[in-house]
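S.K.: Okay, here's the structure, questions in a sec.
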Amino acid sequence: MNIEKNVLLRDYVSFKIGGPAEYFAKVNNSSELAEVLKWAKENNQSITILGGGTNMLISDKGLKGLVVKLNLNKLEFIGNKVTVGCGVPLALFLNEALAKNLTGLEFVAGVPGTVGGAIRGNAGTYGLAMGDVLKKIKYLDEDYQLREIDKDQANFIYRHSIFKEKKWIILEADIELASGDILAAKKLVEERLQYRNDTQPKQPSAGCIFKNVRFEDVDLEVLKNKNVEIDKFAKFKKIPAAYLIEKAGLKAYKMGNAQVSDIHANYIVNSGQATFDEVMMLISFVKQQVRDKYGVQLMEEVHILL
Ligand SMILES: Cc1cc2nc3c(=O)[nH]c(=O)nc-3n(C[C@H](O)[C@H](O)[C@H](O)COP(=O)(O)OP(=O)(O)OC[C@H]3O[C@@H](n4cnc5c(N)ncnc54)[C@H](O)[C@@H]3O)c2cc1C
């Protein structure tokens, strides 16, 4: 067991923002995980799990306690049934599935990060998300007891799961894929990767800062009266946060080195040495402007850790 002190977290996250972890451990299997959890319990230290670090905004003051970089990378295919460890990168998982002529994961094309982070946030694209393909999830509960949960009990809704409600550690998941039209699946993946490459900012970010706005959460008539083009978004029944932010005139808006992307307005990019406070102020400004103009309360998708 190797527990380091004062490890700079900005080196482990896509936003490139964040101070040091008081304690830091990389864990490659369940016995190493058991060891570091025992250490944390004995030393009364809190635990923060780090996956790919692509959905996190971490304070410049850093994090107290033990940050665990969880690299559980089991990837076992039996026919169309897969067991996948929480540390497996989504891109690797997708590529391995396609190589085995299995379809159903195309929706993760271009989504960075690991399976664990994707399950917690029910990550997805184009109306599909992790909760749609999962069968079962193995996890450690708050007392570090090993448990298993069916996907139906895991409260998967848009960018939400039970793992956001509880301090549980996701270990691995069972997923069932299909033997569909593999050529069509590969073509779709290529097209989506190309599209993302053309439409997403290249600077450091944590992806979309805000959740899109579900039709059921707002008064559509009021928004129509404010010239929000609701009909354009009927397919997924969500108003893109990017649309509202851009319509509020905030595309490319800057606070210090934190900037609303000029390519995709739901991204805040780190255009230099952006600080945590600059990003937080920009988030708060964007929310206030959108609220004032459209009466819509944007909610963060990114996990803010301080
Ligand atoms: C350029 C870019 C594009 C993106 N596009 C999309 C997109 O299209 N759709 C989308 O949904 N998301 C998108 N994201 C966000 C992000 O990629 C996903 O949310 C991803 O699933 C996060 O996984 P991660 O491993 O990086 O999680 P992390 O950032 O490491 O962690 C996120 C949260 O999950 C927790 N966590 C991580 N692993 C575990 C575990 N094993 N057990 C318990 N908790 C855990 C962490 O503590 C943290 O709270 C994008 C991000 C970037 C930077």
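Letters A, B, ... go to the chains of the structure tokens in the order shown; residues in each chain start at 1; ligands are counted from 1 in the same order.
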List every residue of stretch 44-209 of chain A that DSSP, applied to the backbone of this structure, places in helix (DSSP H, G or I), and write the result as a PyMOL selection string.

M.R.: chain A and resi 90-99+106-108+115-120+130-132+151-153+162-165+182-199

S.K.: Show me which residues are within 6 Å of ligand 1 counting only C-alpha atoms and all ligand atoms, and format the list as a PDB file with N, CA and C atoms, in the first residue's frame.

M.R.:
ATOM      1  N   SER A  14      -9.490  16.643 -15.913  1.00  0.00           N
ATOM      2  CA  SER A  14      -9.486  17.234 -17.254  1.00  0.00           C
ATOM      3  C   SER A  14      -9.563  18.764 -17.220  1.00  0.00           C
ATOM      4  N   THR A  48     -12.487  10.227  -0.919  1.00  0.00           N
ATOM      5  CA  THR A  48     -13.047  10.749  -2.180  1.00  0.00           C
ATOM      6  C   THR A  48     -12.559   9.839  -3.298  1.00  0.00           C
ATOM      7  N   ILE A  49     -13.495   9.388  -4.132  1.00  0.00           N
ATOM      8  CA  ILE A  49     -13.110   8.504  -5.231  1.00  0.00           C
ATOM      9  C   ILE A  49     -12.873   9.341  -6.494  1.00  0.00           C
ATOM     10  N   LEU A  50     -11.766   9.027  -7.146  1.00  0.00           N
ATOM     11  CA  LEU A  50     -11.419   9.685  -8.405  1.00  0.00           C
ATOM     12  C   LEU A  50     -11.434   8.621  -9.498  1.00  0.00           C
ATOM     13  N   GLY A  51     -12.232   8.884 -10.539  1.00  0.00           N
ATOM     14  CA  GLY A  51     -12.199   7.993 -11.697  1.00  0.00           C
ATOM     15  C   GLY A  51     -11.273   8.608 -12.731  1.00  0.00           C
ATOM     16  N   GLY A  52     -11.850   8.986 -13.869  1.00  0.00           N
ATOM     17  CA  GLY A  52     -11.043   9.643 -14.904  1.00  0.00           C
ATOM     18  C   GLY A  52     -10.862  11.133 -14.651  1.00  0.00           C
ATOM     19  N   GLY A  53     -11.582  11.684 -13.671  1.00  0.00           N
ATOM     20  CA  GLY A  53     -11.449  13.115 -13.337  1.00  0.00           C
ATOM     21  C   GLY A  53     -12.012  14.038 -14.416  1.00  0.00           C
ATOM     22  N   THR A  54     -12.992  13.559 -15.199  1.00  0.00           N
ATOM     23  CA  THR A  54     -13.505  14.368 -16.311  1.00  0.00           C
ATOM     24  C   THR A  54     -14.831  15.062 -15.983  1.00  0.00           C
ATOM     25  N   ASN A  55     -15.282  14.908 -14.749  1.00  0.00           N
ATOM     26  CA  ASN A  55     -16.554  15.546 -14.386  1.00  0.00           C
ATOM     27  C   ASN A  55     -16.430  16.235 -13.036  1.00  0.00           C
ATOM     28  N   MET A  56     -15.238  16.802 -12.778  1.00  0.00           N
ATOM     29  CA  MET A  56     -14.957  17.337 -11.441  1.00  0.00           C
ATOM     30  C   MET A  56     -14.398  18.746 -11.501  1.00  0.00           C
ATOM     31  N   CYS A  86     -14.980  -0.604 -12.534  1.00  0.00           N
ATOM     32  CA  CYS A  86     -15.291   0.830 -12.531  1.00  0.00           C
ATOM     33  C   CYS A  86     -14.169   1.678 -13.126  1.00  0.00           C
ATOM     34  N   VAL A 111     -17.415  10.164 -25.045  1.00  0.00           N
ATOM     35  CA  VAL A 111     -17.563  10.580 -23.644  1.00  0.00           C
ATOM     36  C   VAL A 111     -16.306  10.115 -22.911  1.00  0.00           C
ATOM     37  N   PRO A 112     -15.515  11.043 -22.358  1.00  0.00           N
ATOM     38  CA  PRO A 112     -14.301  10.600 -21.671  1.00  0.00           C
ATOM     39  C   PRO A 112     -14.636  10.058 -20.277  1.00  0.00           C
ATOM     40  N   GLY A 113     -13.622   9.569 -19.571  1.00  0.00           N
ATOM     41  CA  GLY A 113     -13.846   9.112 -18.201  1.00  0.00           C
ATOM     42  C   GLY A 113     -13.986   7.606 -18.113  1.00  0.00           C
ATOM     43  N   THR A 114     -14.320   7.167 -16.911  1.00  0.00           N
ATOM     44  CA  THR A 114     -14.367   5.729 -16.630  1.00  0.00           C
ATOM     45  C   THR A 114     -15.811   5.260 -16.390  1.00  0.00           C
ATOM     46  N   GLY A 116     -17.019   3.841 -13.726  1.00  0.00           N
ATOM     47  CA  GLY A 116     -17.526   4.207 -12.393  1.00  0.00           C
ATOM     48  C   GLY A 116     -18.140   5.596 -12.374  1.00  0.00           C
ATOM     49  N   GLY A 117     -17.402   6.560 -12.917  1.00  0.00           N
ATOM     50  CA  GLY A 117     -17.915   7.939 -12.960  1.00  0.00           C
ATOM     51  C   GLY A 117     -19.158   8.022 -13.829  1.00  0.00           C
ATOM     52  N   ALA A 118     -19.177   7.242 -14.903  1.00  0.00           N
ATOM     53  CA  ALA A 118     -20.324   7.276 -15.822  1.00  0.00           C
ATOM     54  C   ALA A 118     -21.574   6.676 -15.181  1.00  0.00           C
ATOM     55  N   ARG A 120     -22.165   6.641 -11.847  1.00  0.00           N
ATOM     56  CA  ARG A 120     -22.626   7.589 -10.805  1.00  0.00           C
ATOM     57  C   ARG A 120     -23.459   8.726 -11.427  1.00  0.00           C
ATOM     58  N   GLY A 121     -22.960   9.277 -12.531  1.00  0.00           N
ATOM     59  CA  GLY A 121     -23.651  10.434 -13.123  1.00  0.00           C
ATOM     60  C   GLY A 121     -24.633  10.047 -14.215  1.00  0.00           C
ATOM     61  N   ALA A 123     -24.081   8.901 -17.165  1.00  0.00           N
ATOM     62  CA  ALA A 123     -23.586   9.630 -18.342  1.00  0.00           C
ATOM     63  C   ALA A 123     -24.186   9.069 -19.621  1.00  0.00           C
ATOM     64  N   GLY A 124     -24.284   9.919 -20.620  1.00  0.00           N
ATOM     65  CA  GLY A 124     -24.815   9.452 -21.893  1.00  0.00           C
ATOM     66  C   GLY A 124     -24.888  10.553 -22.928  1.00  0.00           C
ATOM     67  N   THR A 125     -25.455  10.175 -24.072  1.00  0.00           N
ATOM     68  CA  THR A 125     -25.654  11.123 -25.181  1.00  0.00           C
ATOM     69  C   THR A 125     -26.881  10.675 -25.969  1.00  0.00           C
ATOM     70  N   TRP A 168     -21.491   5.559  -1.657  1.00  0.00           N
ATOM     71  CA  TRP A 168     -21.141   4.180  -1.984  1.00  0.00           C
ATOM     72  C   TRP A 168     -20.027   4.179  -3.023  1.00  0.00           C
ATOM     73  N   ILE A 169     -19.237   3.111  -2.995  1.00  0.00           N
ATOM     74  CA  ILE A 169     -18.131   3.003  -3.962  1.00  0.00           C
ATOM     75  C   ILE A 169     -18.492   1.934  -5.003  1.00  0.00           C
ATOM     76  N   ILE A 170     -18.620   2.367  -6.232  1.00  0.00           N
ATOM     77  CA  ILE A 170     -18.970   1.438  -7.313  1.00  0.00           C
ATOM     78  C   ILE A 170     -17.728   0.604  -7.645  1.00  0.00           C
ATOM     79  N   LEU A 171     -17.902  -0.716  -7.706  1.00  0.00           N
ATOM     80  CA  LEU A 171     -16.760  -1.594  -8.011  1.00  0.00           C
ATOM     81  C   LEU A 171     -16.803  -2.089  -9.450  1.00  0.00           C
ATOM     82  N   SER A 205     -11.487  21.280 -19.750  1.00  0.00           N
ATOM     83  CA  SER A 205     -12.839  21.530 -19.241  1.00  0.00           C
ATOM     84  C   SER A 205     -13.297  20.294 -18.464  1.00  0.00           C
ATOM     85  N   ALA A 206     -14.508  20.388 -17.935  1.00  0.00           N
ATOM     86  CA  ALA A 206     -15.096  19.204 -17.292  1.00  0.00           C
ATOM     87  C   ALA A 206     -16.339  18.790 -18.078  1.00  0.00           C
ATOM     88  N   GLY A 207     -16.343  19.081 -19.365  1.00  0.00           N
ATOM     89  CA  GLY A 207     -17.520  18.768 -20.185  1.00  0.00           C
ATOM     90  C   GLY A 207     -18.627  19.767 -19.880  1.00  0.00           C
ATOM     91  N   HIS A 303     -19.389  17.755 -10.791  1.00  0.00           N
ATOM     92  CA  HIS A 303     -19.315  17.557  -9.345  1.00  0.00           C
ATOM     93  C   HIS A 303     -18.293  18.531  -8.757  1.00  0.00           C
TER      94      HIS A 303
END

S.K.: If you take only C-alpha atoms and a cut-off of 12 Å, which residues of stretch 7-104 of chain A touch stretch 262-276 of chain A, and what are their nearest atom pairs and distances in Å to one decimal, in chain and number order, as JSON lines?

M.R.:
{"residue": "A:Arg10", "atom": "CA", "partner": "A:Phe276", "partner_atom": "CA", "distance": 10.7}
{"residue": "A:Val13", "atom": "CA", "partner": "A:Asn270", "partner_atom": "CA", "distance": 11.9}
{"residue": "A:Ser14", "atom": "CA", "partner": "A:Asn270", "partner_atom": "CA", "distance": 9.7}
{"residue": "A:Phe15", "atom": "CA", "partner": "A:Asn270", "partner_atom": "CA", "distance": 6.6}
{"residue": "A:Lys16", "atom": "CA", "partner": "A:Asn270", "partner_atom": "CA", "distance": 7.5}
{"residue": "A:Ile17", "atom": "CA", "partner": "A:Phe276", "partner_atom": "CA", "distance": 6.5}
{"residue": "A:Gly18", "atom": "CA", "partner": "A:Phe276", "partner_atom": "CA", "distance": 7.0}
{"residue": "A:Gly19", "atom": "CA", "partner": "A:Phe276", "partner_atom": "CA", "distance": 9.3}
{"residue": "A:Asn55", "atom": "CA", "partner": "A:Tyr267", "partner_atom": "CA", "distance": 11.4}
{"residue": "A:Met56", "atom": "CA", "partner": "A:Phe276", "partner_atom": "CA", "distance": 11.0}
{"residue": "A:Leu57", "atom": "CA", "partner": "A:Phe276", "partner_atom": "CA", "distance": 7.3}
{"residue": "A:Ile58", "atom": "CA", "partner": "A:Phe276", "partner_atom": "CA", "distance": 6.9}
{"residue": "A:Ser59", "atom": "CA", "partner": "A:Phe276", "partner_atom": "CA", "distance": 5.5}
{"residue": "A:Asp60", "atom": "CA", "partner": "A:Phe276", "partner_atom": "CA", "distance": 5.8}
{"residue": "A:Lys61", "atom": "CA", "partner": "A:Phe276", "partner_atom": "CA", "distance": 8.9}
{"residue": "A:Gly62", "atom": "CA", "partner": "A:Phe276", "partner_atom": "CA", "distance": 10.2}

S.K.: Keeping only all heavy atoms, write the selected residues to a file as a compact mmCIF listing (two decimals), in the first residue's frame.

M.R.:
# COMPACT_ATOMS: atom_id res chain seq x y z
N ARG A 10 -4.87 18.70 -9.73
CA ARG A 10 -5.08 19.26 -11.07
C ARG A 10 -4.42 18.38 -12.15
O ARG A 10 -4.82 18.39 -13.29
CB ARG A 10 -4.61 20.71 -11.17
CG ARG A 10 -3.11 20.91 -11.23
CD ARG A 10 -2.82 22.39 -11.47
NE ARG A 10 -3.37 23.17 -10.37
CZ ARG A 10 -2.64 23.84 -9.49
NH1 ARG A 10 -1.33 23.86 -9.59
NH2 ARG A 10 -3.20 24.51 -8.52
N VAL A 13 -7.18 15.69 -13.30
CA VAL A 13 -8.52 16.04 -13.78
C VAL A 13 -8.46 16.81 -15.10
O VAL A 13 -7.51 17.56 -15.34
CB VAL A 13 -9.31 16.86 -12.72
CG1 VAL A 13 -9.53 16.05 -11.45
CG2 VAL A 13 -8.62 18.16 -12.38
N SER A 14 -9.49 16.64 -15.91
CA SER A 14 -9.49 17.23 -17.25
C SER A 14 -9.56 18.76 -17.22
O SER A 14 -9.16 19.42 -18.17
CB SER A 14 -10.65 16.67 -18.08
OG SER A 14 -11.87 16.90 -17.41
N PHE A 15 -10.10 19.33 -16.13
CA PHE A 15 -10.22 20.79 -16.01
C PHE A 15 -8.87 21.45 -15.73
O PHE A 15 -8.69 22.65 -15.89
CB PHE A 15 -11.19 21.14 -14.87
CG PHE A 15 -12.19 22.20 -15.19
CD1 PHE A 15 -13.40 22.25 -14.50
CD2 PHE A 15 -11.94 23.18 -16.15
CE1 PHE A 15 -14.34 23.23 -14.77
CE2 PHE A 15 -12.87 24.18 -16.42
CZ PHE A 15 -14.08 24.20 -15.74
N LYS A 16 -7.92 20.65 -15.19
CA LYS A 16 -6.58 21.15 -14.81
C LYS A 16 -6.68 22.23 -13.74
O LYS A 16 -5.97 23.24 -13.77
CB LYS A 16 -5.80 21.69 -16.04
CG LYS A 16 -5.62 20.67 -17.13
CD LYS A 16 -4.65 19.60 -16.72
CE LYS A 16 -4.61 18.41 -17.64
NZ LYS A 16 -4.56 17.12 -16.95
N ILE A 17 -7.65 22.03 -12.82
CA ILE A 17 -7.84 22.93 -11.69
C ILE A 17 -7.93 22.06 -10.44
O ILE A 17 -8.56 20.99 -10.49
CB ILE A 17 -9.15 23.75 -11.83
CG1 ILE A 17 -9.08 24.66 -13.06
CG2 ILE A 17 -9.44 24.57 -10.57
CD1 ILE A 17 -10.39 25.34 -13.41
N GLY A 18 -7.34 22.51 -9.34
CA GLY A 18 -7.48 21.76 -8.09
C GLY A 18 -6.17 21.69 -7.34
O GLY A 18 -5.12 21.44 -7.94
N GLY A 19 -6.27 21.89 -6.03
CA GLY A 19 -5.08 21.83 -5.18
C GLY A 19 -4.74 20.41 -4.77
O GLY A 19 -5.19 19.45 -5.40
N ASN A 55 -15.28 14.91 -14.75
CA ASN A 55 -16.55 15.55 -14.39
C ASN A 55 -16.43 16.23 -13.04
O ASN A 55 -17.37 16.25 -12.25
CB ASN A 55 -17.66 14.48 -14.35
CG ASN A 55 -19.04 15.07 -14.45
OD1 ASN A 55 -19.23 16.17 -14.97
ND2 ASN A 55 -20.02 14.36 -13.94
N MET A 56 -15.24 16.80 -12.78
CA MET A 56 -14.96 17.34 -11.44
C MET A 56 -14.40 18.75 -11.50
O MET A 56 -13.57 19.05 -12.36
CB MET A 56 -13.86 16.50 -10.79
CG MET A 56 -14.31 15.16 -10.34
SD MET A 56 -12.89 14.38 -9.55
CE MET A 56 -13.73 13.09 -8.69
N LEU A 57 -14.84 19.56 -10.54
CA LEU A 57 -14.22 20.86 -10.31
C LEU A 57 -13.74 20.85 -8.86
O LEU A 57 -14.57 20.77 -7.94
CB LEU A 57 -15.24 21.99 -10.55
CG LEU A 57 -14.77 23.39 -10.16
CD1 LEU A 57 -13.50 23.79 -10.90
CD2 LEU A 57 -15.87 24.41 -10.42
N ILE A 58 -12.43 20.91 -8.68
CA ILE A 58 -11.85 20.73 -7.34
C ILE A 58 -11.26 22.06 -6.86
O ILE A 58 -10.59 22.77 -7.61
CB ILE A 58 -10.76 19.64 -7.36
CG1 ILE A 58 -11.36 18.30 -7.79
CG2 ILE A 58 -10.09 19.50 -6.01
CD1 ILE A 58 -10.36 17.17 -7.93
N SER A 59 -11.50 22.34 -5.57
CA SER A 59 -11.02 23.59 -4.97
C SER A 59 -9.50 23.71 -5.06
O SER A 59 -8.78 22.72 -4.94
CB SER A 59 -11.44 23.62 -3.50
OG SER A 59 -10.69 24.58 -2.82
N ASP A 60 -9.03 24.96 -5.25
CA ASP A 60 -7.59 25.21 -5.25
C ASP A 60 -6.97 24.91 -3.87
O ASP A 60 -5.76 24.75 -3.75
CB ASP A 60 -7.29 26.67 -5.61
CG ASP A 60 -7.61 26.93 -7.08
OD1 ASP A 60 -7.40 26.03 -7.90
OD2 ASP A 60 -8.08 28.05 -7.39
N LYS A 61 -7.82 24.89 -2.84
CA LYS A 61 -7.30 24.57 -1.50
C LYS A 61 -7.04 23.08 -1.36
O LYS A 61 -6.47 22.62 -0.38
CB LYS A 61 -8.30 25.02 -0.43
CG LYS A 61 -8.49 26.53 -0.38
CD LYS A 61 -9.13 26.93 0.94
CE LYS A 61 -9.29 28.44 1.04
NZ LYS A 61 -10.44 28.96 0.28
N GLY A 62 -7.51 22.31 -2.34
CA GLY A 62 -7.30 20.86 -2.30
C GLY A 62 -8.37 20.17 -1.47
O GLY A 62 -9.37 20.78 -1.08

S.K.: Could you go through stretch 26-260 of chain A and tell me which residues DSSP, when run on the backbone, assigns to strand (DSSP E or B), listing them as a VMD selection string?

M.R.: chain A and resid 26 to 27 47 to 50 56 to 58 63 to 70 75 to 78 81 to 85 89 103 114 124 to 125 128 to 129 134 to 140 146 to 150 157 160 169 to 176 178 205 to 208 210 213 to 214 238 to 239 254 to 255 258 to 260

S.K.: Identify which of the residues A:Met281, A:Ala97, A:Val68, A:Val286 lies closest to A:Tyr12, counting only C-alpha atoms when measuring atom-to-atom distances.

M.R.: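 Of all the options, A:Val68 lies closest to A:Tyr12.
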
S.K.: For A:Glu165, list every protein, DNA or RNA residue within 12 Å, evaluated using only C-alpha atoms, and leave out those in the same chain fewer than 5 positions away; present the list as a list of chain:residue names.

M.R.: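 The filter keeps A:Arg120, A:Gly121, A:Asp141, A:Glu142, A:Ala154, A:Asn155, A:Phe156, A:His160.
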
S.K.: What does the file look like for those residues with N, CA, C and O atoms, as a short mmCIF file (atom, residue, chain, number, x, y, z; two decimals), in the first residue's frame?

M.R.:
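Done, and the output landed in selection.cif:
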data_model
loop_
_atom_site.label_atom_id
_atom_site.label_comp_id
_atom_site.auth_asym_id
_atom_site.auth_seq_id
_atom_site.Cartn_x
_atom_site.Cartn_y
_atom_site.Cartn_z
N ARG A 120 -22.17 6.64 -11.85
CA ARG A 120 -22.63 7.59 -10.81
C ARG A 120 -23.46 8.73 -11.43
O ARG A 120 -24.52 9.07 -10.95
N GLY A 121 -22.96 9.28 -12.53
CA GLY A 121 -23.65 10.43 -13.12
C GLY A 121 -24.63 10.05 -14.21
O GLY A 121 -25.20 10.91 -14.88
N ASP A 141 -20.98 -0.38 0.43
CA ASP A 141 -21.86 0.62 1.07
C ASP A 141 -21.05 1.49 2.03
O ASP A 141 -19.82 1.37 2.10
N GLU A 142 -21.74 2.34 2.80
CA GLU A 142 -21.01 3.30 3.65
C GLU A 142 -20.17 2.61 4.73
O GLU A 142 -19.24 3.20 5.25
N ALA A 154 -31.64 1.42 -8.79
CA ALA A 154 -30.52 2.37 -8.69
C ALA A 154 -30.91 3.82 -9.03
O ALA A 154 -30.04 4.68 -9.19
N ASN A 155 -32.24 4.08 -9.12
CA ASN A 155 -32.74 5.47 -9.31
C ASN A 155 -32.13 6.17 -10.51
O ASN A 155 -31.81 7.37 -10.43
N PHE A 156 -31.93 5.45 -11.61
CA PHE A 156 -31.36 6.11 -12.79
C PHE A 156 -32.40 7.01 -13.43
O PHE A 156 -33.45 6.55 -13.88
N HIS A 160 -28.52 11.20 -13.19
CA HIS A 160 -28.66 10.94 -11.75
C HIS A 160 -28.72 9.44 -11.49
O HIS A 160 -29.24 8.69 -12.29
#

S.K.: Measuring atom to atom with only C-alpha atoms, identify which of A:Gln297, A:Gln145, A:Gln200, A:Asn227 is nearest to A:Val213.

M.R.: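 For A:Val213, the nearest of the given residues is A:Gln297.
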